[in-house]
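First comes the structure, then the notes that go with it.
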Amino acid sequence: MTGRLMLLDTASLYFRAYFGVPDSVRAPDGTPVNAVRGLLDFIDRLVKDHRPEKLVACMDADWRPQWRVDLIPSYKAHRVAEEHEGAPDAEEVPDTLSPQVPVIEEVLDALGIARVGVAGYEADDVIGTFTARADGPVDIVTGDRDLYQLVDDAREIRVLYPLKGVGTLQLTDEAWLREKYGVDGGGYADLALLRGDPSDGLPGVPGVGEKTAAKLLAEFGDLAGIIAAVDDPKAKLTPTQRKRLTEAAPYLAVAPKVVRVAGDVPLPDVDTALPHTPRDPAALDALGARWGLGSSLQRLLTTLEA
């Protein structure tokens with residue numbers, strides 16, 4: 001199959017669903033299911049509007065991999081709720097969202113929607129690897145700008161970035177990236193690591209913001225070109241820029257591996273075809289009744305059947 005593949009940054013979407021759907025949306029026993037129903041509504045809309053032939057819900061088996069923390073200890077450190085020795089740290093998540101995640105996983109499995117998380121890797125890495133292996137067009141649905149680095153017009157890889165729910169999506173291609181940031185998909189990771197990202201605990205190069213990073217990349221091509229320019233007295237760098245980049249050399253040596261998504265994750269063998277009927281109808285019926293998934297589940301089932 002070489003049809004359109006849609007990759008969901010699942011946690012990004014259920015976080016948005018959780019904050020976008022009132023917590024008055026509850027199961028018969030009073031348990032909030034706003035993230036569950038909101039995600040089902042998102043998937044329904046995405047399938048209706050974009051008609052993928054294949055769909056994968058990519059998961060964070062490890063939202064803060066140790067190999068990234070070893071390189072940059074501040075990586076996502078401010079989001080750690082509880083440290084676990086020998087296991088992934090617990091992420092700070094709203095109390096009423098955490099119990100909904102296993103329900104989301106059970107519903108996706110009963111529907112037959114491929115769900116992939118790989119130990120030691122983030123969903124971004126799973127998405128990066130599926131994208132690297134894809135032999136057709138790819139739509140990446142995420143609220144995380146980090147994945148702009150995968151945009152590639154030649155391979156028909158684009159990011160669908162939700163602006164309001166998933167009814168209004170920013171279709172991110174290379175023209176949009178060049179207009180907004182002055183870089184293409186391949187250059188976005190370099191821009192991001194130079195600029196830094198407080199939400200991920202990435203310090204960036206002090207004094208180098210988005211505009212300066214874009215100018216440096218326009219002048220020297222990529223991060224390697226910028227680093228080479230630091231050692232070239234003829235390069236067009238201001239004394240302050242040269243000083244800041246020199247002082248940031250230890251960070252710049254490790255940041256690319258942290259910021260760039262992996263493309264070589266050992267993915268399991270899964271059927272990525274969009275299901276038209278549920279894999280486990282009995283389990284799905286039980287989950288729908290137990291959690292009061294009602295019209296959200298029925299709408300998605302109708303869309304999948306169509």
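Labels used: A, B, ... for chains in the order of the structure tokens, numbers from 1 for residues in each chain, and numbers from 1 for ligands as shown.
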
Exercise for the section: From a DSSP pass on the backbone, collect the residues of region 60-158 of chain A flagged as helix (DSSP H, G or I) and hand them back as JSON, numbers by chain. Expected result: {"A": [66, 67, 68, 69, 70, 71, 77, 78, 79, 100, 101, 102, 103, 104, 105, 106, 107, 108, 109, 110, 111, 123, 124, 125, 126, 127, 128, 129, 130, 131, 132, 133, 145, 146, 147, 148, 149, 150, 153, 154, 155]}

Problem - Spatial neighbours of region 47-50 of chain A, 9 Å, only C-alpha atoms, chain gap at least 2 places, as a list in words - result: Arg4, Met6, Phe42, Ile43, Asp44, Arg45, Pro52, Leu55, Asp139, Gly167, Leu300, Thr303 and Leu304 of chain A

Problem - Distance query Ala262 (chain A) at most 9 Å, only C-alpha atoms, self and fewer than 4 positions along chain excluded, as a VMD selection string - result: chain A and resid 121 124 to 129 257

For those residues, write all heavy atoms to a file as a tab-separated table (two decimals), in the first residue's frame.
```
chain	number	residue	atom	x	y	z
A	121	TYR	N	11.65	5.44	23.70
A	121	TYR	CA	11.46	6.46	22.68
A	121	TYR	C	10.15	7.23	22.88
A	121	TYR	O	9.19	6.71	23.43
A	121	TYR	CB	11.44	5.83	21.28
A	121	TYR	CG	12.75	5.23	20.87
A	121	TYR	CD1	12.99	3.87	21.04
A	121	TYR	CD2	13.76	6.02	20.33
A	121	TYR	CE1	14.21	3.30	20.68
A	121	TYR	CE2	14.97	5.46	19.95
A	121	TYR	CZ	15.20	4.11	20.13
A	121	TYR	OH	16.40	3.56	19.77
A	124	ASP	N	7.33	11.20	19.06
A	124	ASP	CA	8.01	11.91	17.96
A	124	ASP	C	8.96	10.98	17.20
A	124	ASP	O	9.07	11.05	15.97
A	124	ASP	CB	8.82	13.09	18.49
A	124	ASP	CG	7.94	14.27	18.91
A	124	ASP	OD1	6.71	14.11	18.94
A	124	ASP	OD2	8.50	15.34	19.21
A	125	ASP	N	9.66	10.12	17.95
A	125	ASP	CA	10.62	9.21	17.32
A	125	ASP	C	9.91	8.12	16.52
A	125	ASP	O	10.38	7.72	15.45
A	125	ASP	CB	11.51	8.58	18.39
A	125	ASP	CG	12.27	9.62	19.20
A	125	ASP	OD1	12.89	10.51	18.59
A	125	ASP	OD2	12.25	9.54	20.45
A	126	VAL	N	8.80	7.65	17.06
A	126	VAL	CA	7.98	6.66	16.33
A	126	VAL	C	7.47	7.29	15.03
A	126	VAL	O	7.54	6.69	13.95
A	126	VAL	CB	6.81	6.19	17.22
A	126	VAL	CG1	5.87	5.28	16.42
A	126	VAL	CG2	7.33	5.46	18.45
A	127	ILE	N	6.99	8.53	15.14
A	127	ILE	CA	6.51	9.26	13.95
A	127	ILE	C	7.65	9.45	12.95
A	127	ILE	O	7.49	9.25	11.74
A	127	ILE	CB	5.91	10.61	14.37
A	127	ILE	CG1	4.58	10.38	15.10
A	127	ILE	CG2	5.71	11.52	13.16
A	127	ILE	CD1	4.02	11.61	15.79
A	128	GLY	N	8.83	9.81	13.45
A	128	GLY	CA	9.98	10.01	12.58
A	128	GLY	C	10.36	8.76	11.82
A	128	GLY	O	10.73	8.81	10.63
A	129	THR	N	10.26	7.62	12.49
A	129	THR	CA	10.65	6.36	11.84
A	129	THR	C	9.60	5.91	10.83
A	129	THR	O	9.94	5.47	9.73
A	129	THR	CB	10.89	5.28	12.91
A	129	THR	OG1	11.90	5.75	13.82
A	129	THR	CG2	11.36	3.98	12.28
A	257	LYS	N	21.37	15.59	18.54
A	257	LYS	CA	20.82	14.25	18.82
A	257	LYS	C	19.57	14.34	19.67
A	257	LYS	O	18.67	13.50	19.56
A	257	LYS	CB	21.88	13.38	19.50
A	257	LYS	CG	21.43	11.93	19.63
A	257	LYS	CD	22.52	11.00	20.10
A	257	LYS	CE	22.01	9.56	20.16
A	257	LYS	NZ	23.03	8.62	20.67
```

Exercise for the section: Step one, run DSSP on the backbone; step two, keep only residues of region 43-258 of chain A assigned to strand (DSSP E or B); then write them as a ChimeraX atom specification. Expected result: /A:54-58,80-82,90-91,114-116,138-141,152,157-164,168-172,197,202

Could you write out the selected residues, including N, CA and C atoms, as a short mmCIF file (atom, residue, chain, number, x, y, z; two decimals), in the first residue's frame?
```cif
data_model
loop_
_atom_site.label_atom_id
_atom_site.label_comp_id
_atom_site.auth_asym_id
_atom_site.auth_seq_id
_atom_site.Cartn_x
_atom_site.Cartn_y
_atom_site.Cartn_z
N LYS A 54 -4.13 4.73 5.68
CA LYS A 54 -3.46 4.10 6.83
C LYS A 54 -3.43 5.10 7.98
N LEU A 55 -3.51 4.59 9.19
CA LEU A 55 -3.56 5.46 10.37
C LEU A 55 -2.83 4.79 11.52
N VAL A 56 -1.96 5.53 12.18
CA VAL A 56 -1.26 5.01 13.36
C VAL A 56 -1.35 6.02 14.49
N ALA A 57 -1.80 5.56 15.64
CA ALA A 57 -1.78 6.38 16.86
C ALA A 57 -0.43 6.15 17.53
N CYS A 58 0.45 7.13 17.44
CA CYS A 58 1.81 6.99 17.98
C CYS A 58 1.83 7.44 19.44
N VAL A 80 8.72 16.82 35.31
CA VAL A 80 8.77 15.56 36.05
C VAL A 80 7.95 15.68 37.33
N ALA A 81 6.98 14.78 37.48
CA ALA A 81 6.17 14.77 38.70
C ALA A 81 6.78 13.84 39.73
N GLU A 82 7.41 12.76 39.26
CA GLU A 82 7.98 11.77 40.18
C GLU A 82 9.08 11.02 39.46
N ALA A 90 7.64 9.81 35.93
CA ALA A 90 6.24 10.14 35.76
C ALA A 90 6.12 11.60 35.37
N GLU A 91 5.32 11.86 34.32
CA GLU A 91 5.11 13.22 33.85
C GLU A 91 3.98 13.88 34.63
N ALA A 114 -4.17 1.01 14.64
CA ALA A 114 -2.80 0.68 15.06
C ALA A 114 -2.33 1.67 16.11
N ARG A 115 -1.76 1.14 17.19
CA ARG A 115 -1.26 1.97 18.29
C ARG A 115 0.16 1.52 18.57
N VAL A 116 1.12 2.44 18.42
CA VAL A 116 2.53 2.05 18.51
C VAL A 116 3.29 2.97 19.45
N VAL A 138 2.47 11.45 3.60
CA VAL A 138 2.28 11.33 5.05
C VAL A 138 1.70 12.62 5.61
N ASP A 139 0.66 12.48 6.42
CA ASP A 139 0.12 13.59 7.20
C ASP A 139 0.42 13.33 8.66
N ILE A 140 1.16 14.24 9.30
CA ILE A 140 1.49 14.14 10.72
C ILE A 140 0.60 15.12 11.47
N VAL A 141 -0.21 14.60 12.37
CA VAL A 141 -1.14 15.46 13.11
C VAL A 141 -0.59 15.67 14.51
N ASP A 152 8.55 17.69 4.19
CA ASP A 152 9.36 17.45 2.98
C ASP A 152 8.41 17.44 1.78
N ILE A 157 5.31 15.04 2.55
CA ILE A 157 5.18 14.91 4.00
C ILE A 157 4.85 16.29 4.56
N ARG A 158 3.73 16.39 5.24
CA ARG A 158 3.30 17.67 5.80
C ARG A 158 2.82 17.47 7.23
N VAL A 159 2.77 18.56 7.97
CA VAL A 159 2.26 18.54 9.34
C VAL A 159 0.91 19.25 9.36
N LEU A 160 -0.07 18.60 9.97
CA LEU A 160 -1.38 19.21 10.19
C LEU A 160 -1.40 19.66 11.65
N TYR A 161 -1.32 20.97 11.85
CA TYR A 161 -1.18 21.54 13.20
C TYR A 161 -2.53 22.13 13.62
N PRO A 162 -3.16 21.58 14.67
CA PRO A 162 -4.48 22.06 15.07
C PRO A 162 -4.42 23.49 15.62
N LEU A 163 -5.24 24.35 15.06
CA LEU A 163 -5.36 25.72 15.57
C LEU A 163 -6.56 25.83 16.50
N LYS A 164 -7.64 25.14 16.14
CA LYS A 164 -8.84 25.11 16.97
C LYS A 164 -9.47 23.74 16.78
N THR A 168 -9.97 23.20 12.35
CA THR A 168 -9.14 24.23 11.71
C THR A 168 -7.69 23.82 11.87
N LEU A 169 -7.08 23.39 10.78
CA LEU A 169 -5.71 22.89 10.81
C LEU A 169 -4.81 23.79 9.96
N GLN A 170 -3.63 24.03 10.47
CA GLN A 170 -2.61 24.71 9.69
C GLN A 170 -1.87 23.65 8.88
N LEU A 171 -1.98 23.70 7.56
CA LEU A 171 -1.31 22.73 6.70
C LEU A 171 0.12 23.21 6.48
N THR A 172 1.03 22.59 7.19
CA THR A 172 2.41 23.06 7.20
C THR A 172 3.23 22.35 6.14
N ASP A 197 14.09 25.96 23.57
CA ASP A 197 12.66 25.75 23.80
C ASP A 197 12.43 25.52 25.29
N LEU A 202 15.16 23.05 26.80
CA LEU A 202 16.33 23.20 25.93
C LEU A 202 16.82 24.64 26.01
#
```

Exercise for the section: Choose the residue, out of A:Leu252, A:Leu297, A:Leu191, A:Ala228, that has the smallest atom-to-atom separation from Lys211 (chain A); count only C-alpha atoms. Expected result: A:Leu191

Handout entry: region 25-29 of chain A surroundings by only C-alpha atoms, 9 Å radius, close-in-sequence under 3 positions cut, as a PyMOL selection string
Key = chain A and resi 21-22+32-34+37+289-293

Handout entry: Test item: residues at most 9 Å from Glu122 (chain A), only C-alpha atoms, excluding those fewer than 2 positions along its chain, as a list in words
Key =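 Result of the neighbour search: Cys58, Met59, Asp60, Ala61, Asp62, Trp63, Arg64, Pro65, Gly117, Val118, Ala119, Gly120, Asp124, Asp125, Val126, Ile127 and Val261 of chain A.
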
Problem - One-decimal distance in Å that lies between CA of Thr131 (chain A) and CA of Arg155 (chain A) - result: 9.6 Å
